[in-house]
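Have a look at the structure below before the remarks.
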2 protein chains.
Amino acid sequence: MRSDALKNRERLLVAAGQVFEEKGLEASVADVARVAGVGMGTFYRRFPSKEALIEALVSEVLEATITMAEEAAEWPDGTGLEHFLQAVSAYQAAHLGCLPKLWCGDHHLVQTARLRVAELLADAQAHGLVRLDLTSTDISLLMWSIRGVLETTGPNAPEAWQRHLDLLVAGMRPTDAALGHRALSQHQVDRILSKRDRSVARAAGGGACGGGGEAGQ
Amino acid sequence: MRSDALKNRERLLVAAGQVFEEKGLEASVADVARVAGVGMGTFYRRFPSKEALIEALVSEVLEATITMAEEAAEWPDGTGLEHFLQAVSAYQAAHLGCLPKLWCGDHHLVQTARLRVAELLADAQAHGLVRLDLTSTDISLLMWSIRGVLETTGPNAPEAWQRHLDLLVAGMRPTDAALGHRALSQHQVDRILSKRDRSVARAAGGGACGGGGEAGQ
DNA sequence: GCCCAAGCGGACTGATTGCTCCGCTTGGGG
DNA sequence: CCCCAAGCGGAGCAATCAGTCCGCTTGGGC
């Protein structure tokens with residue numbers, strides 16, 4: 001790939017992150033191209049479709065997530081899980097653009113990430129930091145939950161997720177009172193993830209609401 | 001209003017709930033009209049715009065939420081808050097259609113709901129069921145969090161929210177360990193809510209992902 | 001420095017959407 | 001039962017968007 005082509009690819013990815021964070025994933029390809037300072041033709045030479053661009057953004061985040069999980073595994077005495085949750089939430093808060101598509105679809109990196117997280121959970125439980133009746137599917141719920149907060153608070157309250165994570169972590173501590181309902185099975189989570197996500201998006205610039213201006217307008 | 005007009009209005013609201021749950025808020029007005037068995041003209045005679053239809057759906061849910069909060073206030077010994085959270089989550093799980101727009105915007109009913117919830121929280125704290133360092137803004141985070149779970153699990157795992165709420169409630173119990181970060185101020189929440197939401201529809205059919213088929217097509 | 005394959009910009013296309021318009025139908029008061 | 005205001009259906013309109021095409025430009029191997 002020629003150097004200018006590579007440069008344009010990077011500029012498109014950066015621009016997409018900005019534009020999607022501002023206007024949501026419904027932002028037009030033309031917008032992204034304009035912010036990147038390239039033409040439509042260039043866009044479609046670098047990415048086969050808008051969807052492919054979004055997937056590239058998602059992959060970036062997922063790869064970073066997996067890296068963070070592996071780094072967290074180095075922490076002693078089962079503290080890795082909490083550090084991971086902190087780190088990944090902070091990272092996602094800084095990459096709001098692709099949030100709505102982040103933990104959906106059956107992206108193979110999601111599977112890897114889930115495995116790493118399950119190891120972190122087991123470690124935390126082995127050291128008595130986390131209640132034993134938690135399963136790795138609960139961590140999936142937790143990720144969706146944090147994403148829900150991030151999508152809503154968006155850039156307006158960039159640290160709100162910390163308070164929410166505090167609460168979740170408090171709930172994960174060992175206690176006498178059992179959780180009232182059964183955890184999701186791995187199979188159920190698989191089914192949720194494999195369901196095709198909806199268009200929007202989610203529009204949602206960034207996602208649901210809150211975060212950005214109303215699609216320009 | 002003539003009786004047939006009223007009947008059509010109801011049919012449109014029901015159809016909108018179904019269609020938006022399946023395809024997300026990006027579903028077309030024509031889809032809604034077709035499912036309702038009416039023409040486009042009828043739709044626009046009953047609702048001035050698509051947005052107004054969505055707002056009508058949101059208002060239905062908000063009114064039900066406020067009613068549930070008032071009923072919960074009757075529960076003894078500070079148990080109202082938990083019953084409210086259970087009830088409102090279950091209700092929202094049965095009304096996924098308008099989820100992405102539910103706790104956004106500065107809808108006046110949202111303000112009322114927040115007041116009622118603050119009373120429930122104070123009651124629960126007074127009876128020692130909930131830690132004293134929780135504020136009503138934390139409950140807002142909690143609602144966004146549950147919404148995030150509901151949007152993702154959608155109809156595929158209709159009870160997943162229960163497990164998540166179990167975890168949140170466990171985190172709300174009094175404990176020695178303080179929450180590590182400061183709560184959002186009322187003003188911050190106001191600012192988040194008053195920010196115009198993004199088009200999505202968010203996206204988003206229903207919203208983010210998971211819940212329904214890919215926008216039909 | 002030459003040269004051409006690779007890259008580029010942006011006008012254009014077809015599909016989709018929210019919404020309007022208009023001629024026909026009908027509920028229900030008198 | 002009559003009658004007309006209110007209601008209705010659906011074709012049509014303007015705007016928007018993802019994706020294509022094509023003639024011009026340029027990076028970089030030789």
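Naming scheme: A, B, ... for chains in displayed order of the structure tokens; residues 1 onward per chain; ligands 1 onward as shown.
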
Using only C-alpha atoms (C1' of nucleotides), which residues sit within 12 Å of segment 19-23 of chain D once same-chain residues fewer than 3 positions away are excluded, as an mmCIF file with C-alpha atoms (C1' of nucleotides), in the first residue's frame?
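Output saved as out.cif:
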```cif
data_model
loop_
_atom_site.group_PDB
_atom_site.id
_atom_site.type_symbol
_atom_site.label_atom_id
_atom_site.label_comp_id
_atom_site.auth_asym_id
_atom_site.auth_seq_id
_atom_site.Cartn_x
_atom_site.Cartn_y
_atom_site.Cartn_z
ATOM 1 C CA SER A 28 -22.974 9.987 6.903
ATOM 2 C CA VAL A 29 -19.915 8.618 5.195
ATOM 3 C CA ALA A 30 -19.556 11.971 3.467
ATOM 4 C CA MET A 40 -15.707 9.799 -1.210
ATOM 5 C CA GLY A 41 -13.692 7.838 -3.705
ATOM 6 C CA PHE A 43 -13.069 6.412 1.449
ATOM 7 C CA TYR A 44 -14.420 3.558 -0.621
ATOM 8 C CA ARG A 45 -10.963 2.644 -1.819
ATOM 9 C CA PHE A 47 -12.941 0.570 3.184
ATOM 10 C CA PRO A 48 -15.349 -1.600 1.210
ATOM 11 C CA SER A 49 -18.336 -0.181 3.069
ATOM 12 C CA LYS A 50 -19.361 1.998 5.952
ATOM 13 C CA GLU A 51 -19.915 -1.130 7.991
ATOM 14 C "C1'" DC C 8 -7.517 10.599 -5.723
ATOM 15 C "C1'" DG C 9 -11.851 13.832 -5.704
ATOM 16 C "C1'" DG C 10 -16.417 14.606 -6.237
ATOM 17 C "C1'" DA C 11 -20.449 14.450 -9.321
ATOM 18 C "C1'" DC C 12 -23.818 10.968 -10.043
ATOM 19 C "C1'" DT C 13 -27.233 7.004 -9.124
ATOM 20 C "C1'" DG C 14 -30.714 4.345 -7.050
ATOM 21 C "C1'" DA C 15 -32.974 3.356 -2.910
#
```

At most 10 Å to chain B: residues in chain D, only C-alpha atoms (C1' of nucleotides), as a VMD selection string
chain D and resid 6 to 10

Go through chain C residue by residue and, counting only C-alpha atoms (C1' of nucleotides), keep those with an atom at most 9 Å from chain B; for each kept residue give the shortest atom pair and its distance in Å to one decimal, ordered by chain and increasing number, as JSON lines.
```
{"residue": "C:DT17", "atom": "C1'", "partner": "B:Ser28", "partner_atom": "CA", "distance": 7.0}
{"residue": "C:DG18", "atom": "C1'", "partner": "B:Val29", "partner_atom": "CA", "distance": 7.6}
{"residue": "C:DC19", "atom": "C1'", "partner": "B:Ser49", "partner_atom": "CA", "distance": 8.0}
{"residue": "C:DT20", "atom": "C1'", "partner": "B:Gly41", "partner_atom": "CA", "distance": 8.7}
{"residue": "C:DG27", "atom": "C1'", "partner": "B:Arg2", "partner_atom": "CA", "distance": 7.1}
{"residue": "C:DG28", "atom": "C1'", "partner": "B:Arg2", "partner_atom": "CA", "distance": 8.7}
```

Could you give me chain B least-squares fitted onto chain A (all C-alpha atoms, paired in order), as a compact mmCIF listing (two decimals) with C-alpha atoms, in the first residue's frame?
```
# COMPACT_ATOMS: atom_id res chain seq x y z
CA MET B 1 -0.04 -0.03 0.11
CA ARG B 2 1.30 3.36 -0.81
CA SER B 3 2.26 5.68 2.01
CA ASP B 4 -0.38 8.27 1.20
CA ALA B 5 -3.01 5.56 1.11
CA LEU B 6 -2.00 4.36 4.55
CA LYS B 7 -1.99 7.90 5.88
CA ASN B 8 -5.50 8.47 4.56
CA ARG B 9 -6.70 5.26 6.12
CA GLU B 10 -5.47 6.42 9.51
CA ARG B 11 -7.01 9.86 9.05
CA LEU B 12 -10.33 8.26 8.19
CA LEU B 13 -10.27 6.11 11.31
CA VAL B 14 -9.48 9.10 13.51
CA ALA B 15 -12.12 11.23 11.83
CA ALA B 16 -14.67 8.44 12.15
CA GLY B 17 -14.03 8.22 15.87
CA GLN B 18 -14.62 11.95 16.27
CA VAL B 19 -17.64 12.21 14.00
CA PHE B 20 -19.38 9.13 15.37
CA GLU B 21 -18.83 10.34 18.91
CA GLU B 22 -20.38 13.68 18.03
CA LYS B 23 -23.23 12.65 15.80
CA GLY B 24 -23.62 8.95 16.38
CA LEU B 25 -23.13 6.09 13.99
CA GLU B 26 -25.84 7.57 11.77
CA ALA B 27 -23.41 10.28 10.73
CA SER B 28 -22.92 10.17 6.99
CA VAL B 29 -19.88 8.77 5.28
CA ALA B 30 -19.50 12.14 3.57
CA ASP B 31 -19.12 13.77 6.99
CA VAL B 32 -16.36 11.40 7.95
CA ALA B 33 -14.58 11.92 4.65
CA ARG B 34 -14.84 15.68 4.95
CA VAL B 35 -13.44 15.73 8.50
CA ALA B 36 -10.65 13.44 7.36
CA GLY B 37 -9.97 15.82 4.49
CA VAL B 38 -10.39 13.25 1.77
CA GLY B 39 -12.95 12.59 -0.95
CA MET B 40 -15.63 9.96 -1.12
CA GLY B 41 -13.62 7.97 -3.63
CA THR B 42 -10.75 7.72 -1.20
CA PHE B 43 -13.04 6.53 1.53
CA TYR B 44 -14.41 3.68 -0.55
CA ARG B 45 -10.98 2.71 -1.75
CA ARG B 46 -9.83 2.28 1.87
CA PHE B 47 -12.99 0.68 3.23
CA PRO B 48 -15.42 -1.46 1.23
CA SER B 49 -18.40 -0.01 3.09
CA LYS B 50 -19.42 2.16 5.99
CA GLU B 51 -19.99 -0.98 8.00
CA ALA B 52 -16.42 -2.07 7.42
CA LEU B 53 -15.18 1.25 8.78
CA ILE B 54 -17.21 0.78 11.94
CA GLU B 55 -15.95 -2.74 12.29
CA ALA B 56 -12.39 -1.48 12.01
CA LEU B 57 -13.07 0.93 14.88
CA VAL B 58 -14.64 -1.84 16.93
CA SER B 59 -11.68 -4.11 16.27
CA GLU B 60 -9.28 -1.44 17.50
CA VAL B 61 -11.15 -1.26 20.78
CA LEU B 62 -11.48 -5.02 21.11
CA GLU B 63 -7.79 -5.54 20.51
CA ALA B 64 -6.98 -2.94 23.13
CA THR B 65 -9.41 -4.66 25.48
CA ILE B 66 -7.72 -8.01 25.04
CA THR B 67 -4.33 -6.42 25.61
CA MET B 68 -5.62 -4.80 28.79
CA ALA B 69 -6.98 -8.14 29.96
CA GLU B 70 -3.62 -9.78 29.42
CA GLU B 71 -1.84 -6.99 31.28
CA ALA B 72 -4.37 -7.23 34.10
CA ALA B 73 -3.57 -10.92 34.45
CA GLU B 74 -0.14 -9.87 35.73
CA TRP B 75 -1.59 -8.15 38.78
CA PRO B 76 -1.15 -10.08 42.01
CA ASP B 77 -3.66 -11.59 44.42
CA GLY B 78 -6.69 -11.54 42.16
CA THR B 79 -6.70 -7.76 41.75
CA GLY B 80 -6.47 -8.05 37.98
CA LEU B 81 -10.22 -8.11 37.35
CA GLU B 82 -10.85 -4.78 39.01
CA HIS B 83 -7.92 -3.13 37.32
CA PHE B 84 -9.15 -4.50 34.03
CA LEU B 85 -12.65 -3.16 34.53
CA GLN B 86 -11.22 0.24 35.41
CA ALA B 87 -8.91 0.28 32.43
CA VAL B 88 -11.38 -0.95 29.87
CA SER B 89 -14.07 1.47 31.03
CA ALA B 90 -11.66 4.38 30.84
CA TYR B 91 -10.58 3.29 27.38
CA GLN B 92 -14.14 2.99 26.18
CA ALA B 93 -14.97 6.37 27.65
CA ALA B 94 -12.24 7.74 25.39
CA HIS B 95 -13.60 5.87 22.37
CA LEU B 96 -17.31 6.54 22.50
CA GLY B 97 -17.62 6.51 18.74
CA CYS B 98 -18.24 2.84 18.20
CA LEU B 99 -19.88 2.04 21.53
CA PRO B 100 -23.23 0.88 20.18
CA LYS B 101 -21.58 -1.83 18.11
CA LEU B 102 -19.02 -2.81 20.69
CA TRP B 103 -20.35 -5.89 22.42
CA CYS B 104 -22.72 -7.03 19.73
CA GLY B 105 -22.33 -9.36 16.83
CA ASP B 106 -20.22 -12.47 16.95
CA HIS B 107 -16.89 -10.78 16.36
CA HIS B 108 -14.24 -13.40 17.06
CA LEU B 109 -12.29 -10.94 19.22
CA VAL B 110 -15.29 -10.76 21.53
CA GLN B 111 -14.93 -14.48 22.17
CA THR B 112 -11.25 -14.05 23.00
CA ALA B 113 -12.00 -11.16 25.31
CA ARG B 114 -14.64 -13.17 27.11
CA LEU B 115 -12.16 -15.97 27.72
CA ARG B 116 -9.55 -13.64 29.17
CA VAL B 117 -12.13 -12.02 31.40
CA ALA B 118 -13.30 -15.38 32.66
CA GLU B 119 -9.73 -16.10 33.75
CA LEU B 120 -9.52 -12.79 35.59
CA LEU B 121 -12.80 -13.55 37.34
CA ALA B 122 -11.64 -16.98 38.43
CA ASP B 123 -8.45 -15.47 39.81
CA ALA B 124 -10.34 -12.83 41.74
CA GLN B 125 -12.66 -15.46 43.16
CA ALA B 126 -9.76 -17.71 44.11
CA HIS B 127 -8.36 -14.86 46.20
CA GLY B 128 -11.66 -14.12 47.87
CA LEU B 129 -12.08 -10.68 46.32
CA VAL B 130 -15.25 -11.54 44.45
CA ARG B 131 -18.28 -13.60 45.47
CA LEU B 132 -18.24 -17.16 44.22
CA ASP B 133 -21.70 -17.13 42.71
CA LEU B 134 -20.68 -14.70 39.99
CA THR B 135 -20.16 -16.18 36.56
CA SER B 136 -18.41 -14.82 33.52
CA THR B 137 -21.77 -14.11 31.93
CA ASP B 138 -22.38 -11.67 34.76
CA ILE B 139 -19.32 -9.80 33.57
CA SER B 140 -20.90 -9.56 30.14
CA LEU B 141 -23.98 -8.00 31.71
CA LEU B 142 -21.66 -5.67 33.54
CA MET B 143 -19.99 -4.55 30.32
CA TRP B 144 -23.36 -3.87 28.71
CA SER B 145 -24.34 -1.95 31.78
CA ILE B 146 -21.25 0.26 31.71
CA ARG B 147 -21.76 0.81 28.03
CA GLY B 148 -25.29 1.97 28.77
CA VAL B 149 -23.96 4.53 31.23
CA LEU B 150 -21.22 5.69 28.89
CA GLU B 151 -23.62 6.10 25.98
CA THR B 152 -25.89 8.27 28.05
CA THR B 153 -23.42 10.39 29.93
CA GLY B 154 -21.11 10.60 26.96
CA PRO B 155 -18.78 13.57 26.88
CA ASN B 156 -20.94 15.54 29.31
CA ALA B 157 -19.85 13.64 32.40
CA PRO B 158 -16.80 11.71 31.31
CA GLU B 159 -16.15 10.22 34.75
CA ALA B 160 -19.64 9.15 35.69
CA TRP B 161 -18.82 5.56 34.84
CA GLN B 162 -16.35 5.45 37.73
CA ARG B 163 -19.07 5.95 40.29
CA HIS B 164 -21.18 3.32 38.60
CA LEU B 165 -18.30 0.87 38.51
CA ASP B 166 -17.71 1.51 42.22
CA LEU B 167 -21.25 0.38 42.84
CA LEU B 168 -20.89 -2.71 40.66
CA VAL B 169 -17.63 -3.69 42.33
CA ALA B 170 -19.28 -3.28 45.73
CA GLY B 171 -21.96 -5.66 44.55
CA MET B 172 -19.35 -8.19 43.48
CA ARG B 173 -17.78 -8.46 46.94
CA PRO B 174 -18.40 -11.66 48.88
CA THR B 175 -21.49 -11.48 51.05
CA ASP B 176 -23.94 -13.73 52.81
CA ALA B 177 -26.95 -12.66 50.77
CA ALA B 178 -27.19 -14.71 47.61
CA LEU B 179 -28.16 -13.26 44.26
CA GLY B 180 -31.85 -13.85 43.73
CA HIS B 181 -31.81 -15.00 40.13
CA ARG B 182 -29.87 -17.43 38.03
CA ALA B 183 -27.02 -16.24 35.84
CA LEU B 184 -27.29 -16.32 32.07
CA SER B 185 -25.79 -19.39 30.45
CA GLN B 186 -22.91 -19.02 28.03
CA HIS B 187 -25.28 -20.17 25.36
CA GLN B 188 -27.73 -17.39 26.10
CA VAL B 189 -24.98 -14.80 25.82
CA ASP B 190 -23.86 -16.35 22.58
CA ARG B 191 -27.35 -16.10 21.23
CA ILE B 192 -27.62 -12.46 22.24
CA LEU B 193 -24.29 -11.67 20.62
CA SER B 194 -24.99 -13.57 17.45
CA LYS B 195 -28.27 -11.81 16.83
CA ARG B 196 -27.67 -9.29 14.15
CA ASP B 197 -27.59 -5.86 15.68
CA ARG B 198 -30.05 -3.27 14.56
CA SER B 199 -29.27 -0.52 12.13
CA VAL B 200 -28.92 2.13 14.56
CA ALA B 201 -27.12 2.96 14.88
CA ARG B 202 -28.80 2.27 17.40
CA ALA B 203 -28.43 4.22 16.99
CA ALA B 204 -27.45 5.40 17.24
CA GLY B 205 -24.95 8.13 16.93
CA GLY B 206 -22.66 7.13 19.45
CA GLY B 207 -25.79 5.46 20.40
CA ALA B 208 -28.74 5.96 22.56
CA CYS B 209 -28.71 9.52 23.65
CA GLY B 210 -27.03 12.12 25.73
CA GLY B 211 -23.57 12.07 24.35
CA GLY B 212 -23.58 14.32 21.38
CA GLY B 213 -25.45 16.95 19.49
CA GLU B 214 -28.55 15.93 17.61
CA ALA B 215 -27.06 14.45 14.49
CA GLY B 216 -25.70 17.77 13.46
CA GLN B 217 -28.22 18.39 10.70
```

Can you pull out every residue from segment 33-213 of chain B that DSSP, working from the backbone, puts in alpha helix (DSSP H), and format the result as a ChimeraX atom specification?
/B:33-36,40-46,50-72,80-93,108-126,136-153,160-172,186-194

If you measure from atom C1' of DC22 of chain C to atom C1' of DA5 of chain D, what distance in Å do you get, rounded to one decimal?
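Those two atoms sit 16.0 Å apart.
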
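Across the model, the gap from atom C1' of DT16 of chain C to atom C1' of DA11 of chain D is 15.8 Å.
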
For atom C1' of DG12 of chain D and atom C1' of DC21 of chain C, quote the distance in Å rounded to one decimal.
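Interatomic distance here is 8.4 Å.
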